[in-house]
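Participant: query_19.cif is reproduced in full below (mmCIF, C-alpha atoms and all ligand atoms).
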```cif
data_input
loop_
_atom_site.group_PDB
_atom_site.id
_atom_site.type_symbol
_atom_site.label_atom_id
_atom_site.label_comp_id
_atom_site.auth_asym_id
_atom_site.auth_seq_id
_atom_site.Cartn_x
_atom_site.Cartn_y
_atom_site.Cartn_z
ATOM 1 C CA MET A 23 -31.429 -16.951 -19.214
ATOM 2 C CA ARG A 24 -34.618 -15.140 -18.255
ATOM 3 C CA ILE A 25 -34.279 -16.418 -14.680
ATOM 4 C CA PHE A 26 -30.715 -15.189 -14.553
ATOM 5 C CA ILE A 27 -31.728 -11.700 -15.669
ATOM 6 C CA THR A 28 -34.534 -11.612 -13.093
ATOM 7 C CA ILE A 29 -32.151 -12.559 -10.300
ATOM 8 C CA MET A 30 -29.650 -9.917 -11.392
ATOM 9 C CA GLY A 31 -32.458 -7.372 -11.404
ATOM 10 C CA LEU A 32 -33.486 -8.269 -7.872
ATOM 11 C CA ALA A 33 -29.912 -8.093 -6.660
ATOM 12 C CA ALA A 34 -29.533 -4.633 -8.164
ATOM 13 C CA CYS A 35 -32.741 -3.454 -6.453
ATOM 14 C CA SER A 36 -31.957 -4.943 -3.056
ATOM 15 C CA SER A 37 -28.557 -3.271 -2.951
ATOM 16 C CA GLY A 38 -30.599 -0.064 -2.645
ATOM 17 C CA ALA A 39 -29.910 3.484 -3.735
ATOM 18 C CA GLY A 40 -28.213 5.886 -1.344
ATOM 19 C CA LYS A 41 -26.131 3.231 0.430
ATOM 20 C CA THR A 42 -23.067 3.723 -1.751
ATOM 21 C CA ASP A 43 -20.942 5.354 0.984
ATOM 22 C CA ALA A 44 -21.674 2.633 3.520
ATOM 23 C CA ARG A 45 -20.793 -0.042 0.983
ATOM 24 C CA ALA A 46 -17.539 1.656 0.092
ATOM 25 C CA ASP A 47 -16.512 1.486 3.775
ATOM 26 C CA GLY A 48 -17.476 -2.188 4.105
ATOM 27 C CA PRO A 49 -19.794 -3.731 6.726
ATOM 28 C CA SER A 50 -19.735 -1.920 10.077
ATOM 29 C CA SER A 51 -19.782 -5.299 11.881
ATOM 30 C CA ILE A 52 -16.001 -5.481 11.219
ATOM 31 C CA PRO A 53 -13.908 -3.125 13.373
ATOM 32 C CA ALA A 54 -12.002 -0.245 11.745
ATOM 33 C CA PRO A 55 -10.226 1.424 14.684
ATOM 34 C CA LEU A 56 -7.971 3.923 12.860
ATOM 35 C CA SER A 57 -9.275 7.305 11.792
ATOM 36 C CA ALA A 58 -5.961 8.493 10.314
ATOM 37 C CA VAL A 59 -2.793 7.001 8.821
ATOM 38 C CA SER A 60 0.596 7.559 10.454
ATOM 39 C CA LEU A 61 3.283 9.187 8.307
ATOM 40 C CA ALA A 62 6.043 8.525 10.879
ATOM 41 C CA SER A 63 9.108 6.897 9.352
ATOM 42 C CA GLU A 64 9.365 4.307 12.164
ATOM 43 C CA ASP A 65 5.801 3.144 11.432
ATOM 44 C CA ILE A 66 6.568 2.904 7.705
ATOM 45 C CA GLU A 67 9.717 0.860 8.422
ATOM 46 C CA HIS A 68 7.815 -1.383 10.816
ATOM 47 C CA GLY A 69 5.077 -1.884 8.209
ATOM 48 C CA LYS A 70 7.629 -2.737 5.550
ATOM 49 C CA ALA A 71 9.109 -5.432 7.836
ATOM 50 C CA LEU A 72 5.614 -6.782 8.546
ATOM 51 C CA PHE A 73 4.835 -6.885 4.836
ATOM 52 C CA LEU A 74 7.659 -9.428 4.516
ATOM 53 C CA SER A 75 7.242 -11.339 7.786
ATOM 54 C CA GLN A 76 3.439 -11.654 7.446
ATOM 55 C CA ASN A 77 3.800 -13.041 3.897
ATOM 56 C CA CYS A 78 1.899 -10.176 2.233
ATOM 57 C CA ILE A 79 4.721 -10.177 -0.316
ATOM 58 C CA ILE A 80 3.874 -13.747 -1.389
ATOM 59 C CA CYS A 81 0.508 -12.615 -2.770
ATOM 60 C CA HIS A 82 0.974 -8.888 -3.434
ATOM 61 C CA ASN A 83 3.296 -6.714 -5.465
ATOM 62 C CA THR A 84 3.986 -3.208 -4.168
ATOM 63 C CA THR A 85 3.649 -1.999 -7.753
ATOM 64 C CA GLY A 86 0.287 -1.921 -9.534
ATOM 65 C CA ALA A 87 0.906 -5.343 -11.090
ATOM 66 C CA LYS A 88 -1.366 -8.223 -10.150
ATOM 67 C CA LYS A 89 0.221 -11.227 -8.411
ATOM 68 C CA ILE A 90 -2.028 -13.737 -6.566
ATOM 69 C CA GLY A 91 -3.861 -10.699 -5.163
ATOM 70 C CA PRO A 92 -4.071 -7.138 -6.536
ATOM 71 C CA GLY A 93 -0.958 -4.961 -6.865
ATOM 72 C CA LEU A 94 -1.134 -2.635 -3.867
ATOM 73 C CA LYS A 95 0.263 0.599 -5.278
ATOM 74 C CA GLY A 96 -2.510 3.208 -5.073
ATOM 75 C CA VAL A 97 -4.703 1.168 -2.732
ATOM 76 C CA THR A 98 -4.991 3.962 -0.131
ATOM 77 C CA GLN A 99 -6.322 6.181 -2.899
ATOM 78 C CA ARG A 100 -8.797 3.788 -4.482
ATOM 79 C CA ARG A 101 -10.274 2.477 -1.188
ATOM 80 C CA SER A 102 -11.473 4.199 1.969
ATOM 81 C CA LEU A 103 -9.405 3.894 5.140
ATOM 82 C CA LYS A 104 -12.189 1.931 6.839
ATOM 83 C CA TRP A 105 -12.511 -0.473 3.903
ATOM 84 C CA ILE A 106 -8.770 -1.268 3.917
ATOM 85 C CA GLN A 107 -8.805 -1.952 7.658
ATOM 86 C CA ARG A 108 -11.766 -4.271 7.249
ATOM 87 C CA ILE A 109 -10.277 -6.326 4.425
ATOM 88 C CA LEU A 110 -7.099 -6.722 6.488
ATOM 89 C CA ILE A 111 -8.975 -7.802 9.625
ATOM 90 C CA ASP A 112 -11.725 -10.009 8.176
ATOM 91 C CA PRO A 113 -11.522 -10.761 4.436
ATOM 92 C CA GLU A 114 -14.059 -13.627 4.685
ATOM 93 C CA THR A 115 -16.871 -11.380 5.915
ATOM 94 C CA MET A 116 -15.867 -8.750 3.360
ATOM 95 C CA GLU A 117 -16.066 -11.286 0.564
ATOM 96 C CA ARG A 118 -19.539 -12.259 1.714
ATOM 97 C CA ASP A 119 -20.998 -8.806 2.473
ATOM 98 C CA ASP A 120 -19.058 -6.183 0.512
ATOM 99 C CA ALA A 121 -19.568 -5.558 -3.202
ATOM 100 C CA ILE A 122 -15.992 -4.461 -3.959
ATOM 101 C CA ALA A 123 -14.453 -7.412 -2.098
ATOM 102 C CA LYS A 124 -16.755 -9.796 -3.961
ATOM 103 C CA GLU A 125 -15.538 -8.437 -7.285
ATOM 104 C CA LEU A 126 -11.904 -8.698 -6.174
ATOM 105 C CA ALA A 127 -12.409 -12.309 -5.123
ATOM 106 C CA LEU A 128 -13.804 -13.138 -8.565
ATOM 107 C CA ALA A 129 -10.862 -11.415 -10.244
ATOM 108 C CA HIS A 130 -8.319 -13.253 -8.006
ATOM 109 C CA PRO A 131 -9.616 -16.816 -7.759
ATOM 110 C CA GLU A 132 -6.241 -18.506 -7.304
ATOM 111 C CA ARG A 133 -6.091 -18.203 -3.494
ATOM 112 C CA ARG A 134 -8.171 -16.660 -0.727
ATOM 113 C CA PRO A 135 -6.599 -13.732 1.148
ATOM 114 C CA GLU A 136 -4.666 -14.773 4.254
ATOM 115 C CA HIS A 137 -4.905 -11.528 6.167
ATOM 116 C CA GLY A 138 -6.011 -11.876 9.813
ATOM 117 C CA VAL A 139 -4.177 -8.660 10.670
ATOM 118 C CA GLU A 140 -3.959 -8.002 14.385
ATOM 119 C CA GLN A 141 -5.609 -4.648 14.995
ATOM 120 C CA THR A 142 -3.589 -2.963 17.684
ATOM 121 C CA TRP A 143 -0.021 -3.258 16.506
ATOM 122 C CA MET A 144 0.043 -4.480 12.893
ATOM 123 C CA LEU A 145 -2.685 -2.319 11.469
ATOM 124 C CA PRO A 146 -1.152 1.172 12.031
ATOM 125 C CA ALA A 147 2.232 0.082 10.653
ATOM 126 C CA LEU A 148 0.824 -1.743 7.620
ATOM 127 C CA LEU A 149 -1.351 1.237 6.713
ATOM 128 C CA ALA A 150 1.597 3.622 7.083
ATOM 129 C CA TYR A 151 3.562 1.383 4.724
ATOM 130 C CA LEU A 152 0.722 1.032 2.192
ATOM 131 C CA LYS A 153 0.339 4.808 2.125
ATOM 132 C CA SER A 154 4.080 5.233 1.623
ATOM 133 C CA ILE A 155 4.080 3.102 -1.552
ATOM 134 C CA ASP A 156 1.220 5.051 -3.100
HETATM 135 C C1 LIG B 1 -2.613 -16.007 0.271
HETATM 136 C C2 LIG B 1 -2.559 -14.753 -0.461
HETATM 137 C C3 LIG B 1 -2.609 -13.436 0.285
HETATM 138 C C4 LIG B 1 -1.836 -13.002 1.345
HETATM 139 C C5 LIG B 1 -0.751 -13.757 2.110
HETATM 140 C C6 LIG B 1 -2.221 -11.635 1.601
HETATM 141 N N1 LIG B 1 -3.209 -11.245 0.712
HETATM 142 FE FE1 LIG B 1 -4.054 -9.427 0.564
HETATM 143 N N2 LIG B 1 -5.362 -10.110 -0.837
HETATM 144 C C7 LIG B 1 -5.308 -11.367 -1.406
HETATM 145 C C8 LIG B 1 -6.385 -11.491 -2.389
HETATM 146 C C9 LIG B 1 -6.673 -12.734 -3.224
HETATM 147 C C10 LIG B 1 -7.064 -10.252 -2.375
HETATM 148 C C11 LIG B 1 -8.288 -9.852 -3.204
HETATM 149 C C12 LIG B 1 -9.532 -9.866 -2.326
HETATM 150 C C13 LIG B 1 -10.236 -11.192 -2.270
HETATM 151 O O1 LIG B 1 -9.917 -12.113 -3.050
HETATM 152 O O2 LIG B 1 -11.147 -11.328 -1.427
HETATM 153 C C14 LIG B 1 -6.378 -9.403 -1.398
HETATM 154 C C15 LIG B 1 -6.737 -8.088 -1.134
HETATM 155 C C16 LIG B 1 -5.953 -7.201 -0.402
HETATM 156 C C17 LIG B 1 -6.155 -5.772 -0.303
HETATM 157 C C18 LIG B 1 -7.198 -4.964 -1.074
HETATM 158 C C19 LIG B 1 -6.598 -4.659 -2.442
HETATM 159 C C20 LIG B 1 -7.423 -3.771 -3.346
HETATM 160 O O3 LIG B 1 -7.037 -3.577 -4.500
HETATM 161 O O4 LIG B 1 -8.461 -3.263 -2.904
HETATM 162 C C21 LIG B 1 -5.183 -5.281 0.528
HETATM 163 C C22 LIG B 1 -4.982 -3.832 0.958
HETATM 164 C C23 LIG B 1 -4.380 -6.399 0.946
HETATM 165 N N3 LIG B 1 -4.863 -7.551 0.372
HETATM 166 C C24 LIG B 1 -3.284 -6.296 1.789
HETATM 167 C C25 LIG B 1 -2.579 -7.386 2.302
HETATM 168 C C26 LIG B 1 -1.583 -7.296 3.358
HETATM 169 C C27 LIG B 1 -1.119 -6.005 4.013
HETATM 170 C C28 LIG B 1 -1.154 -8.566 3.610
HETATM 171 C C29 LIG B 1 -0.202 -9.048 4.674
HETATM 172 C C30 LIG B 1 -0.613 -8.777 6.047
HETATM 173 C C31 LIG B 1 -1.857 -9.453 2.673
HETATM 174 N N4 LIG B 1 -2.716 -8.709 1.904
HETATM 175 C C32 LIG B 1 -1.669 -10.824 2.580
HETATM 176 C C33 LIG B 1 -4.400 -12.354 -1.139
HETATM 177 C C34 LIG B 1 -3.475 -12.325 -0.094
#
```
Could you write out this file's structure as structure tokens?

Facilitator:
Amino acid sequence: MRIFITIMGLAACSSGAGKTDARADGPSSIPAPLSAVSLASEDIEHGKALFLSQNCIICHNTTGAKKIGPGLKGVTQRRSLKWIQRILIDPETMERDDAIAKELALAHPERRPEHGVEQTWMLPALLAYLKSID
């Protein structure tokens, strides 16, 4: 038990004060190309179609209710735009290097995220759709 507490203490120290913003955006080694979310109805419609065809719907509800992964309603409010892009592009690295993603993985142990979202054409539409359900 004492060893456990010591390790937890070290982990808390090494995460460092003043890095909170960087952590909330996720590791900068993962790309996050978008600086704004489209509100165009064609992007929202495209994102809605992708949400079905890319199997997001198998693991996620568009309400707040947990499925295999978290319910996605409100996600564009509770996470930064960069963070969302990064978990869509590279959830494995996020799970390893990002504190929020680590917690989510612990809370959703049933399956690992199957994201692998292609940056140039899927990302803008999926973000437009996620924003529209918030
Ligand atoms: C095989 C199941 C699975 C599929 C398919 C999947 N996800 Fe996920 N997703 C997860 C899990 C599990 C998490 C929680 C993070 C973790 O475990 O690392 C997650 C996390 C997320 C998050 C962050 C949620 C939060 O509360 O911060 C978003 C956004 C997201 N997924 C969107 C998508 C989108 C969009 C798709 C389709 C392109 C998709 N997911 C497909 C399982 C899945």

Participant: Please enumerate the residues selected by the PyMOL selection byres (((not hetatm)) within 8 of (chain B and resi 1)) when evaluated against the supplied file, formatted as a count of residues only.

Facilitator: 48

Participant: Can you tell me which residues surround Ala46 (chain A) at a distance of at most 9 Å, considering all atoms listed in the file, apart from same-chain residues fewer than 6 positions away, and format the answer as a list of chain:residue names?

Facilitator: A:Arg101, A:Ser102, A:Lys104, A:Trp105, A:Asp120, A:Ala121, A:Ile122

Participant: Applying 7 Å and only C-alpha atoms, which residues near Ser60 (chain A) remain after dropping the ones on its own chain fewer than 4 positions away? List them as a VMD selection string.

Facilitator: chain A and resid 65 146 150

Participant: Could you state the separation of CA of Ser75 (chain A) and CA of Pro49 (chain A) in Å, given to one decimal place?

Facilitator: 28.1 Å
